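Engineer: My structure is stored as run.txt, with compact mmCIF, C-alpha atoms (C1' of nucleotides).
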```
# COMPACT_ATOMS: atom_id res chain seq x y z
CA MET A 1 -54.44 5.52 14.32
CA ARG A 2 -52.85 7.64 11.61
CA THR A 3 -54.35 10.89 12.81
CA LEU A 4 -52.01 12.90 10.60
CA LYS A 5 -53.51 11.17 7.59
CA TYR A 6 -56.97 12.50 8.43
CA ALA A 7 -55.74 15.95 9.36
CA ILE A 8 -54.16 16.26 5.92
CA LEU A 9 -57.20 14.81 4.15
CA GLY A 10 -59.43 17.27 5.99
CA LEU A 11 -57.29 20.19 4.98
CA LEU A 12 -57.04 19.11 1.35
CA ASN A 13 -60.78 18.61 1.34
CA LYS A 14 -61.14 22.36 1.85
CA LYS A 15 -58.73 23.33 -0.87
CA ASP A 16 -55.64 22.23 -2.78
CA MET A 17 -52.41 22.84 -0.94
CA THR A 18 -48.68 22.22 -0.98
CA GLY A 19 -46.86 20.50 1.87
CA TYR A 20 -45.62 23.88 2.88
CA ASP A 21 -49.15 25.27 3.05
CA ILE A 22 -50.21 22.35 5.23
CA ALA A 23 -47.33 23.00 7.60
CA LYS A 24 -48.48 26.61 7.82
CA GLU A 25 -52.04 25.55 8.61
CA PHE A 26 -50.70 23.51 11.50
CA LYS A 27 -48.75 26.45 12.75
CA TYR A 28 -51.45 29.10 12.48
CA GLU A 29 -54.74 27.22 12.66
CA LEU A 30 -54.47 23.70 14.01
CA PHE A 31 -52.16 24.75 16.85
CA LYS A 32 -55.36 25.09 18.92
CA PHE A 33 -55.32 21.33 19.34
CA TRP A 34 -52.20 19.92 17.70
CA HIS A 35 -48.90 20.50 16.02
CA ALA A 36 -47.06 18.63 13.28
CA ARG A 37 -43.92 19.73 11.47
CA HIS A 38 -42.90 19.56 7.88
CA SER A 39 -40.63 16.60 8.60
CA GLN A 40 -43.76 14.58 9.38
CA ILE A 41 -45.96 16.13 6.73
CA TYR A 42 -43.85 15.50 3.62
CA PRO A 43 -43.42 11.76 4.19
CA GLU A 44 -47.11 11.40 5.02
CA LEU A 45 -48.13 13.20 1.81
CA LYS A 46 -45.88 10.87 -0.15
CA ARG A 47 -47.51 7.89 1.48
CA LEU A 48 -51.05 9.22 0.92
CA ALA A 49 -50.23 9.70 -2.76
CA GLU A 50 -48.97 6.10 -3.00
CA GLU A 51 -52.18 4.94 -1.34
CA GLY A 52 -54.29 6.92 -3.79
CA PHE A 53 -55.96 9.21 -1.25
CA VAL A 54 -54.36 12.31 -2.76
CA THR A 55 -52.75 13.32 -6.05
CA TYR A 56 -50.54 16.22 -7.01
CA ASP A 57 -49.62 18.49 -9.89
CA ILE A 58 -46.21 20.02 -10.14
CA LYS A 59 -46.40 23.77 -10.48
CA ILE A 60 -43.57 26.12 -11.33
CA SER A 61 -43.25 29.13 -9.13
CA GLY A 62 -41.03 31.90 -10.49
CA ASP A 63 -38.46 30.52 -12.94
CA ILE A 64 -37.51 27.07 -11.70
CA LEU A 65 -38.88 26.41 -8.20
CA GLU A 66 -41.07 23.34 -8.36
CA LYS A 67 -43.88 22.85 -5.93
CA LYS A 68 -46.34 20.01 -5.56
CA LEU A 69 -49.93 21.13 -5.31
CA TYR A 70 -51.83 18.31 -3.65
CA SER A 71 -55.53 17.62 -3.98
CA ILE A 72 -57.78 15.02 -2.39
CA THR A 73 -59.15 12.17 -4.52
CA GLU A 74 -62.64 10.70 -4.37
CA LYS A 75 -61.17 7.75 -2.49
CA GLY A 76 -59.64 10.18 -0.03
CA GLN A 77 -62.92 11.98 0.50
CA LYS A 78 -64.70 8.72 1.24
CA GLU A 79 -61.98 7.75 3.70
CA LEU A 80 -62.26 11.13 5.42
CA LEU A 81 -66.03 10.86 5.80
CA ILE A 82 -65.82 7.40 7.35
CA TRP A 83 -63.30 8.69 9.86
CA LEU A 84 -65.33 11.80 10.68
CA HIS A 85 -68.28 9.65 11.73
CA LYS A 86 -66.26 7.54 14.16
CA ASP A 87 -67.15 7.59 17.82
CA GLU A 88 -64.07 7.50 19.90
CA ASN A 89 -63.07 6.97 23.47
CA ILE A 90 -61.61 9.98 25.21
CA SER A 91 -57.87 9.71 25.25
CA GLN A 92 -55.53 9.42 28.17
CA THR A 93 -54.85 12.87 29.60
CA PRO A 94 -51.84 14.15 27.72
CA LYS A 95 -48.51 14.76 29.38
CA ASP A 96 -48.29 18.06 31.23
CA VAL A 97 -44.79 18.65 32.52
CA PHE A 98 -45.71 21.69 34.58
CA ARG A 99 -48.35 19.80 36.51
CA LEU A 100 -45.82 17.06 37.19
CA ARG A 101 -43.57 19.70 38.69
CA MET A 102 -46.42 21.03 40.80
CA TYR A 103 -47.27 17.49 41.89
CA PHE A 104 -43.85 17.35 43.55
CA SER A 105 -43.87 21.01 44.58
CA ASN A 106 -43.77 20.34 48.31
CA ASN A 107 -40.01 20.09 47.75
CA LEU A 108 -39.86 23.75 46.77
CA ASP A 109 -40.08 26.79 49.03
CA LEU A 110 -43.18 28.93 48.62
CA GLU A 111 -41.35 31.72 46.87
CA SER A 112 -40.08 29.39 44.13
CA ARG A 113 -43.54 27.93 43.64
CA ILE A 114 -45.09 31.37 43.24
CA HIS A 115 -42.36 32.35 40.82
CA LEU A 116 -42.97 29.26 38.67
CA LEU A 117 -46.73 29.72 38.78
CA GLU A 118 -46.57 33.39 37.84
CA ASN A 119 -44.27 32.60 34.95
CA GLN A 120 -46.75 30.08 33.59
CA LYS A 121 -49.57 32.54 34.04
CA VAL A 122 -47.87 35.21 31.96
CA GLN A 123 -47.31 32.76 29.13
CA HIS A 124 -50.82 31.36 29.20
CA LYS A 125 -52.26 34.86 29.23
CA GLU A 126 -50.27 35.73 26.13
CA LYS A 127 -51.62 32.70 24.37
CA LEU A 128 -55.14 33.58 25.47
CA ASP A 129 -54.75 37.10 24.07
CA ILE A 130 -53.76 35.73 20.68
CA LEU A 131 -56.77 33.42 20.68
CA LYS A 132 -59.10 36.23 21.68
CA LYS A 133 -57.78 38.46 18.95
CA THR A 134 -58.43 35.68 16.44
CA ALA A 135 -61.96 35.36 17.80
CA GLU A 136 -62.70 39.01 17.00
CA GLN A 137 -63.29 38.11 13.35
CA TYR A 138 -66.41 36.25 14.42
CA SER A 139 -69.19 38.72 15.15
CA GLU A 140 -71.71 35.89 15.17
CA ILE A 141 -71.87 32.12 15.06
CA PRO A 142 -70.92 31.01 11.53
CA ASP A 143 -73.29 28.87 9.50
CA HIS A 144 -72.93 25.22 10.47
CA ASN A 145 -72.31 24.12 6.90
CA THR A 146 -69.24 26.26 6.35
CA ASP A 147 -65.57 25.65 7.19
CA ARG A 148 -65.76 28.54 9.59
CA PHE A 149 -68.09 26.68 11.93
CA GLY A 150 -65.46 24.08 12.88
CA ASP A 151 -62.85 26.75 13.24
CA PHE A 152 -65.17 28.80 15.44
CA ILE A 153 -66.11 26.07 17.91
CA VAL A 154 -62.54 24.85 18.21
CA LEU A 155 -61.41 28.41 18.83
CA GLU A 156 -64.00 28.82 21.56
CA GLY A 157 -62.83 25.54 23.09
CA ALA A 158 -59.24 26.73 23.06
CA ILE A 159 -60.21 29.98 24.76
CA MET A 160 -62.21 28.18 27.42
CA ARG A 161 -59.36 25.79 28.11
CA GLN A 162 -56.89 28.62 28.35
CA GLU A 163 -59.13 30.54 30.75
CA SER A 164 -59.54 27.46 32.90
CA VAL A 165 -55.77 26.97 33.12
CA ILE A 166 -55.29 30.58 34.18
CA LYS A 167 -58.01 30.24 36.81
CA TRP A 168 -56.24 27.17 38.17
CA LEU A 169 -52.87 28.93 38.27
CA ASP A 170 -54.50 31.83 40.15
CA LYS A 171 -55.97 29.42 42.65
CA CYS A 172 -52.56 27.82 43.24
CA ILE A 173 -50.90 31.21 43.58
CA GLY A 174 -53.59 32.10 46.13
CA TYR A 175 -52.87 28.98 48.21
CA CYS A 176 -49.15 29.67 48.18
CA LYS A 177 -49.50 33.34 49.11
CA LYS A 178 -51.84 32.48 51.95
CA ALA A 179 -49.36 29.91 53.28
CA GLN A 180 -46.60 32.47 52.98
CA LYS A 181 -48.51 34.95 55.12
CA GLU A 182 -49.13 32.34 57.78
CA GLU A 183 -45.46 31.41 57.78
CA LYS A 184 -44.51 35.02 58.42
CA LYS A 185 -47.05 35.35 61.19
CA ASN A 186 -45.58 32.36 62.99
CA LYS A 187 -42.12 33.86 63.09
CA MET B 1 -36.14 16.28 28.13
CA ARG B 2 -36.32 12.96 29.95
CA THR B 3 -39.51 13.78 31.82
CA LEU B 4 -39.99 10.16 32.81
CA LYS B 5 -36.68 10.32 34.65
CA TYR B 6 -37.96 13.13 36.88
CA ALA B 7 -41.37 11.56 37.36
CA ILE B 8 -39.68 8.43 38.70
CA LEU B 9 -37.22 10.39 40.83
CA GLY B 10 -40.09 12.37 42.29
CA LEU B 11 -42.00 9.24 43.19
CA LEU B 12 -38.97 7.51 44.68
CA ASN B 13 -38.25 10.65 46.67
CA LYS B 14 -41.53 10.06 48.51
CA LYS B 15 -40.87 6.43 49.27
CA ASP B 16 -39.11 3.30 48.02
CA MET B 17 -40.97 1.46 45.30
CA THR B 18 -40.74 -1.36 42.78
CA GLY B 19 -41.25 -0.80 39.07
CA TYR B 20 -44.66 -2.30 39.47
CA ASP B 21 -45.55 0.21 42.19
CA ILE B 22 -44.45 3.08 39.97
CA ALA B 23 -46.64 1.79 37.15
CA LYS B 24 -49.54 1.73 39.58
CA GLU B 25 -48.87 5.31 40.65
CA PHE B 26 -49.09 6.34 37.02
CA LYS B 27 -52.35 4.54 36.61
CA TYR B 28 -54.07 5.75 39.77
CA GLU B 29 -52.41 9.06 40.63
CA LEU B 30 -50.44 10.60 37.81
CA PHE B 31 -53.16 9.91 35.24
CA LYS B 32 -54.41 13.42 36.06
CA PHE B 33 -51.67 14.76 33.81
CA TRP B 34 -49.81 11.84 32.25
CA HIS B 35 -49.53 8.15 31.63
CA ALA B 36 -46.56 5.82 31.22
CA ARG B 37 -46.64 2.03 31.04
CA HIS B 38 -44.43 -0.59 32.56
CA SER B 39 -42.68 -1.14 29.22
CA GLN B 40 -41.28 2.37 29.51
CA ILE B 41 -40.75 2.30 33.25
CA TYR B 42 -38.56 -0.80 33.59
CA PRO B 43 -35.95 0.29 31.04
CA GLU B 44 -35.86 3.78 32.53
CA LEU B 45 -35.29 2.39 36.04
CA LYS B 46 -32.44 0.30 34.69
CA ARG B 47 -30.90 3.37 33.10
CA LEU B 48 -31.35 5.49 36.24
CA ALA B 49 -29.58 2.79 38.26
CA GLU B 50 -26.69 2.77 35.78
CA GLU B 51 -26.48 6.54 36.06
CA GLY B 52 -26.42 6.37 39.84
CA PHE B 53 -29.64 8.30 40.47
CA VAL B 54 -31.31 5.31 42.07
CA THR B 55 -30.29 2.02 43.66
CA TYR B 56 -32.21 -1.12 44.44
CA ASP B 57 -32.37 -4.02 46.85
CA ILE B 58 -33.69 -7.37 45.78
CA LYS B 59 -36.46 -8.54 48.08
CA ILE B 60 -38.04 -11.95 48.18
CA SER B 61 -41.77 -12.00 48.21
CA GLY B 62 -43.31 -15.34 49.20
CA ASP B 63 -40.96 -18.24 48.41
CA ILE B 64 -39.07 -17.30 45.29
CA LEU B 65 -40.51 -14.20 43.63
CA GLU B 66 -37.82 -11.58 43.39
CA LYS B 67 -38.67 -7.93 43.32
CA LYS B 68 -36.45 -4.91 43.06
CA LEU B 69 -37.17 -2.25 45.61
CA TYR B 70 -35.77 0.98 44.25
CA SER B 71 -34.73 3.99 46.27
CA ILE B 72 -33.40 7.40 45.28
CA THR B 73 -29.76 8.27 45.92
CA GLU B 74 -28.40 11.58 47.13
CA LYS B 75 -27.28 12.29 43.59
CA GLY B 76 -30.82 11.59 42.44
CA GLN B 77 -32.30 13.95 45.00
CA LYS B 78 -29.99 16.74 43.90
CA GLU B 79 -30.94 16.15 40.27
CA LEU B 80 -34.63 16.22 41.14
CA LEU B 81 -34.33 19.50 43.02
CA ILE B 82 -32.52 21.19 40.14
CA TRP B 83 -35.26 20.07 37.77
CA LEU B 84 -38.05 21.19 40.10
CA HIS B 85 -36.72 24.75 40.09
CA LYS B 86 -36.64 25.02 36.31
CA ASP B 87 -38.79 27.62 34.63
CA GLU B 88 -40.21 26.24 31.47
CA ASN B 89 -41.99 27.48 28.40
CA ILE B 90 -45.56 26.31 28.06
CA SER B 91 -45.67 23.40 25.67
CA GLN B 92 -47.38 23.12 22.35
CA THR B 93 -51.04 22.27 22.85
CA PRO B 94 -51.19 18.49 22.88
CA LYS B 95 -52.94 16.50 20.19
CA ASP B 96 -56.70 16.32 20.63
CA VAL B 97 -58.24 14.00 18.04
CA PHE B 98 -61.81 14.89 18.90
CA ARG B 99 -61.21 18.58 18.32
CA LEU B 100 -59.64 17.75 14.98
CA ARG B 101 -62.83 15.92 14.07
CA MET B 102 -64.91 18.90 15.17
CA TYR B 103 -62.67 21.21 13.18
CA PHE B 104 -63.83 19.39 10.05
CA SER B 105 -67.37 18.84 11.32
CA ASN B 106 -69.07 20.89 8.63
CA ASN B 107 -68.84 17.68 6.59
CA LEU B 108 -71.21 15.94 9.01
CA ASP B 109 -74.94 16.37 9.33
CA LEU B 110 -76.16 17.97 12.53
CA GLU B 111 -77.51 14.75 13.96
CA SER B 112 -74.13 13.02 13.68
CA ARG B 113 -72.39 15.96 15.28
CA ILE B 114 -74.75 15.95 18.22
CA HIS B 115 -74.31 12.21 18.60
CA LEU B 116 -70.52 12.52 18.68
CA LEU B 117 -70.63 15.45 21.09
CA GLU B 118 -73.04 13.72 23.47
CA ASN B 119 -70.87 10.62 23.47
CA GLN B 120 -67.84 12.67 24.46
CA LYS B 121 -69.83 14.41 27.14
CA VAL B 122 -70.86 11.16 28.79
CA GLN B 123 -67.27 9.98 28.93
CA HIS B 124 -65.91 13.25 30.24
CA LYS B 125 -68.60 13.34 32.89
CA GLU B 126 -67.61 9.87 34.07
CA LYS B 127 -64.03 10.98 34.37
CA LEU B 128 -65.11 14.08 36.26
CA ASP B 129 -67.11 11.99 38.72
CA ILE B 130 -64.08 9.84 39.50
CA LEU B 131 -61.99 12.95 40.09
CA LYS B 132 -64.63 14.49 42.32
CA LYS B 133 -64.91 11.33 44.36
CA THR B 134 -61.14 11.39 44.85
CA ALA B 135 -61.39 15.01 45.96
CA GLU B 136 -63.77 14.08 48.77
CA GLN B 137 -60.81 12.94 50.87
CA TYR B 138 -59.72 16.56 51.14
CA SER B 139 -61.89 18.41 53.61
CA GLU B 140 -59.44 21.30 53.63
CA ILE B 141 -56.34 22.50 51.84
CA PRO B 142 -53.42 20.26 52.88
CA ASP B 143 -50.33 21.75 54.44
CA HIS B 144 -48.02 23.07 51.72
CA ASN B 145 -45.06 21.08 52.97
CA THR B 146 -46.69 17.68 52.60
CA ASP B 147 -47.01 15.36 49.58
CA ARG B 148 -50.73 15.88 49.72
CA PHE B 149 -50.45 19.53 48.70
CA GLY B 150 -49.17 18.72 45.21
CA ASP B 151 -51.72 15.99 44.84
CA PHE B 152 -54.46 18.37 45.92
CA ILE B 153 -53.69 21.22 43.55
CA VAL B 154 -53.19 18.89 40.61
CA LEU B 155 -56.49 17.23 41.40
CA GLU B 156 -58.23 20.59 41.47
CA GLY B 157 -56.63 21.44 38.15
CA ALA B 158 -57.86 18.19 36.63
CA ILE B 159 -61.39 18.85 37.86
CA MET B 160 -61.37 22.38 36.48
CA ARG B 161 -60.10 21.19 33.13
CA GLN B 162 -62.72 18.50 32.98
CA GLU B 163 -65.49 20.95 33.83
CA SER B 164 -64.26 23.33 31.17
CA VAL B 165 -64.32 20.57 28.53
CA ILE B 166 -67.88 19.65 29.46
CA LYS B 167 -68.94 23.29 29.29
CA TRP B 168 -67.46 23.50 25.81
CA LEU B 169 -69.20 20.34 24.66
CA ASP B 170 -72.50 21.72 25.97
CA LYS B 171 -71.95 24.92 24.07
CA CYS B 172 -71.30 23.00 20.85
CA ILE B 173 -74.37 20.83 21.41
CA GLY B 174 -76.36 24.02 21.91
CA TYR B 175 -75.17 25.48 18.60
CA CYS B 176 -76.01 22.28 16.75
CA LYS B 177 -79.48 21.95 18.28
CA LYS B 178 -80.27 25.56 17.50
CA ALA B 179 -79.21 25.04 13.87
CA GLN B 180 -81.30 21.89 13.74
CA LYS B 181 -84.41 23.79 14.84
CA GLU B 182 -83.85 26.46 12.22
CA GLU B 183 -83.43 23.81 9.55
CA LYS B 184 -86.77 22.29 10.47
CA LYS B 185 -88.47 25.68 10.46
CA ASN B 186 -87.25 26.34 6.93
CA LYS B 187 -88.83 23.18 5.57
C1' DC C 1 -28.21 42.75 -2.40
C1' DG C 2 -29.81 40.84 1.70
C1' DA C 3 -33.36 39.07 4.74
C1' DA C 4 -37.52 36.80 5.31
C1' DG C 5 -40.11 33.53 3.71
C1' DC C 6 -41.12 29.81 0.16
C1' DA C 7 -40.31 25.04 -0.84
C1' DT C 8 -38.93 20.05 -0.27
C1' DG C 9 -36.94 16.52 1.47
C1' DT C 10 -34.02 12.82 4.75
C1' DA C 11 -31.81 10.89 9.11
C1' DA C 12 -31.29 10.03 13.74
C1' DA C 13 -32.91 10.05 18.14
C1' DA C 14 -36.48 10.28 21.57
C1' DC C 15 -40.82 9.05 23.11
C1' DG C 16 -44.88 6.08 23.39
C1' DT C 17 -47.99 1.99 22.48
C1' DT C 18 -48.99 -2.71 21.66
C1' DA C 19 -47.70 -7.18 21.73
C1' DC C 20 -44.86 -10.90 23.21
C1' DA C 21 -43.13 -13.65 27.14
C1' DT C 22 -42.95 -15.66 31.63
C1' DG C 23 -44.04 -16.94 36.09
C1' DA C 24 -45.38 -16.31 41.37
C1' DT C 25 -48.58 -14.92 45.07
C1' DT C 26 -52.81 -14.03 47.42
C1' DG C 27 -57.44 -14.46 48.69
C1' DG C 28 -61.88 -16.37 48.06
C1' DC D 1 -58.01 -24.43 42.58
C1' DC D 2 -58.81 -20.46 40.10
C1' DA D 3 -58.87 -15.69 39.19
C1' DA D 4 -56.96 -11.42 40.02
C1' DT D 5 -53.09 -9.25 40.84
C1' DC D 6 -48.14 -9.07 41.62
C1' DA D 7 -43.82 -8.87 39.23
C1' DT D 8 -40.27 -8.16 35.45
C1' DG D 9 -38.70 -7.81 31.33
C1' DT D 10 -38.04 -7.41 25.67
C1' DA D 11 -39.38 -6.47 20.71
C1' DA D 12 -41.62 -4.30 17.14
C1' DC D 13 -43.89 -0.65 15.64
C1' DG D 14 -45.65 4.00 15.35
C1' DT D 15 -45.26 8.92 16.41
C1' DT D 16 -42.76 13.16 17.24
C1' DT D 17 -38.77 16.12 17.60
C1' DT D 18 -34.39 17.82 16.26
C1' DA D 19 -31.01 18.19 13.12
C1' DC D 20 -29.13 17.90 8.60
C1' DA D 21 -29.40 19.45 3.76
C1' DT D 22 -30.46 22.31 -0.14
C1' DG D 23 -31.97 25.95 -2.97
C1' DC D 24 -35.43 29.57 -4.93
C1' DT D 25 -38.42 33.83 -4.68
C1' DT D 26 -40.05 38.16 -3.24
C1' DC D 27 -39.82 42.53 -1.36
C1' DG D 28 -37.68 46.44 0.43
```
As structure tokens, what does this structure read like?
Structural biologist:
Amino acid sequence: MRTLKYAILGLLNKKDMTGYDIAKEFKYELFKFWHARHSQIYPELKRLAEEGFVTYDIKISGDILEKKLYSITEKGQKELLIWLHKDENISQTPKDVFRLRMYFSNNLDLESRIHLLENQKVQHKEKLDILKKTAEQYSEIPDHNTDRFGDFIVLEGAIMRQESVIKWLDKCIGYCKKAQKEEKKNK
Amino acid sequence: MRTLKYAILGLLNKKDMTGYDIAKEFKYELFKFWHARHSQIYPELKRLAEEGFVTYDIKISGDILEKKLYSITEKGQKELLIWLHKDENISQTPKDVFRLRMYFSNNLDLESRIHLLENQKVQHKEKLDILKKTAEQYSEIPDHNTDRFGDFIVLEGAIMRQESVIKWLDKCIGYCKKAQKEEKKNK
DNA sequence: CGAAGCATGTAAAACGTTACATGATTGG
DNA sequence: CCAATCATGTAACGTTTTACATGCTTCG
């Protein structure tokens, strides 16, 4: 499917970047729906250059440090547009290790379950807070023809997903606490 | 991390199964949070047997068809329990190709965006319907010490996630339609 | 001067998908 | 008898993570 190819083309379509910049974008922007590391990015950039979808200029930073500033070619832009138009089937639900654990949670005592659930909740709340802080920069819906539109809707999606996860964790915690009370009553 | 190892141990802890049965569980039960195919399962079962976490008996089905009925060993059960208790950090948000497309959607006209969004919505709704039909078997919250408890909470989580995705898609469709109206007005 | 960050790569291992390969059983 | 499903495996390929490897620049 070569998703990384299109992620990179999309980013370079906004502006010229180095491999390092692209890695940073993944870390600080695209993390809302994906993550790729530099060890994947550099080889893919090399390949895209060989295929003629991108080119690069070598720039000198400071005295001797060379960096490759990549830009998208016309061929690359065409390729990106074709991909953007593609209908796709929704993918298999991705692996969620915590839910696997909960699936088998009848093997744990209630206290352990609550502990695990609360721990997840704290972490998901932290992530939600970061997303919400990012969202503050948007006082209104950005124009649909700007970069910011895509960023905005994806950010909203990430927030909604995060809130839904937290709601689910709360529900599970509720079930466990209720069962705990009943257990105590029966003693 | 060897998540597949623990998924298999968890399943075998419920009851004895063949590799084929385990593949079916993935397809019809665990799909709510994961999917693994038989080409991963068979080698893993072999490895688990070598490591002493599972054993198997060869059963004859019909006249000659051999099947391996696997069961968990005591060692396997211990291993599973240790894993179940583990706190874990929430994982990187998994890859979502559609959101990547939407991230770059300013390169698409509004009509195309709406088309893509509606297509996703139909598919996610179908998935939601299947989940909801499965949920009908639960008239009340199952006892927390039974297998059904884990199944139940994970099912609820899957439904909530699905509903949240659909809500997001609707929101995006709303933005696009609003922009479309404004475009027409300005003509 | 030292730490944090900039910058680029490769290698090995782990994980996952698709394709190849084969054959038996069950139920209509 | 035929189709769907049961049943087990391997091989090749693609994706992702972790580790290895190196060195420069900027700012306090």
Engineer: Please determine the contact residues of chain B with respect to chain D at a cut-off of 10 Å, counting all atoms listed in the file, and supply them as a list in words.
Structural biologist: Thr18, Gly19, Tyr20, Asp21, His38, Ser39, Tyr42, Pro43, Ser61, Leu65, Glu66, Lys67 and Lys68 of chain B
Engineer: List every protein, DNA or RNA residue that has at least one atom no more than 7 Å from (-72.8, 18.5, 28.4) in the file's coordinates, counting all atoms listed in the file, and write the result as an MDAnalysis selection string.
Structural biologist: chainID B and resid 118 121 166:167 169:170
Engineer: Could I get the residues of chain C with an atom no further than 10 Å from an atom of chain A, each paired with its nearest atom pair and that distance in Å to one decimal, using all atoms listed in the file, sorted by chain and residue number, as a tab-separated table?
Structural biologist:
```
residue	atom	partner	partner_atom	distance
C:DC6	C1'	A:Tyr20	CA	7.9
C:DA7	C1'	A:Tyr20	CA	6.6
C:DT8	C1'	A:Tyr42	CA	7.7
C:DG9	C1'	A:Tyr42	CA	7.3
C:DT10	C1'	A:Ser39	CA	8.5
```
Engineer: Store the residues of this selection in a file with C-alpha atoms (C1' of nucleotides), as a PDB file, in the coordinates of the input.
Structural biologist:
```pdb
ATOM      1  C1'  DC C   6     -41.120  29.810   0.160  1.00  0.00           C
ATOM      2  C1'  DA C   7     -40.310  25.040  -0.840  1.00  0.00           C
ATOM      3  C1'  DT C   8     -38.930  20.050  -0.270  1.00  0.00           C
ATOM      4  C1'  DG C   9     -36.940  16.520   1.470  1.00  0.00           C
ATOM      5  C1'  DT C  10     -34.020  12.820   4.750  1.00  0.00           C
TER       6       DT C  10
END
```
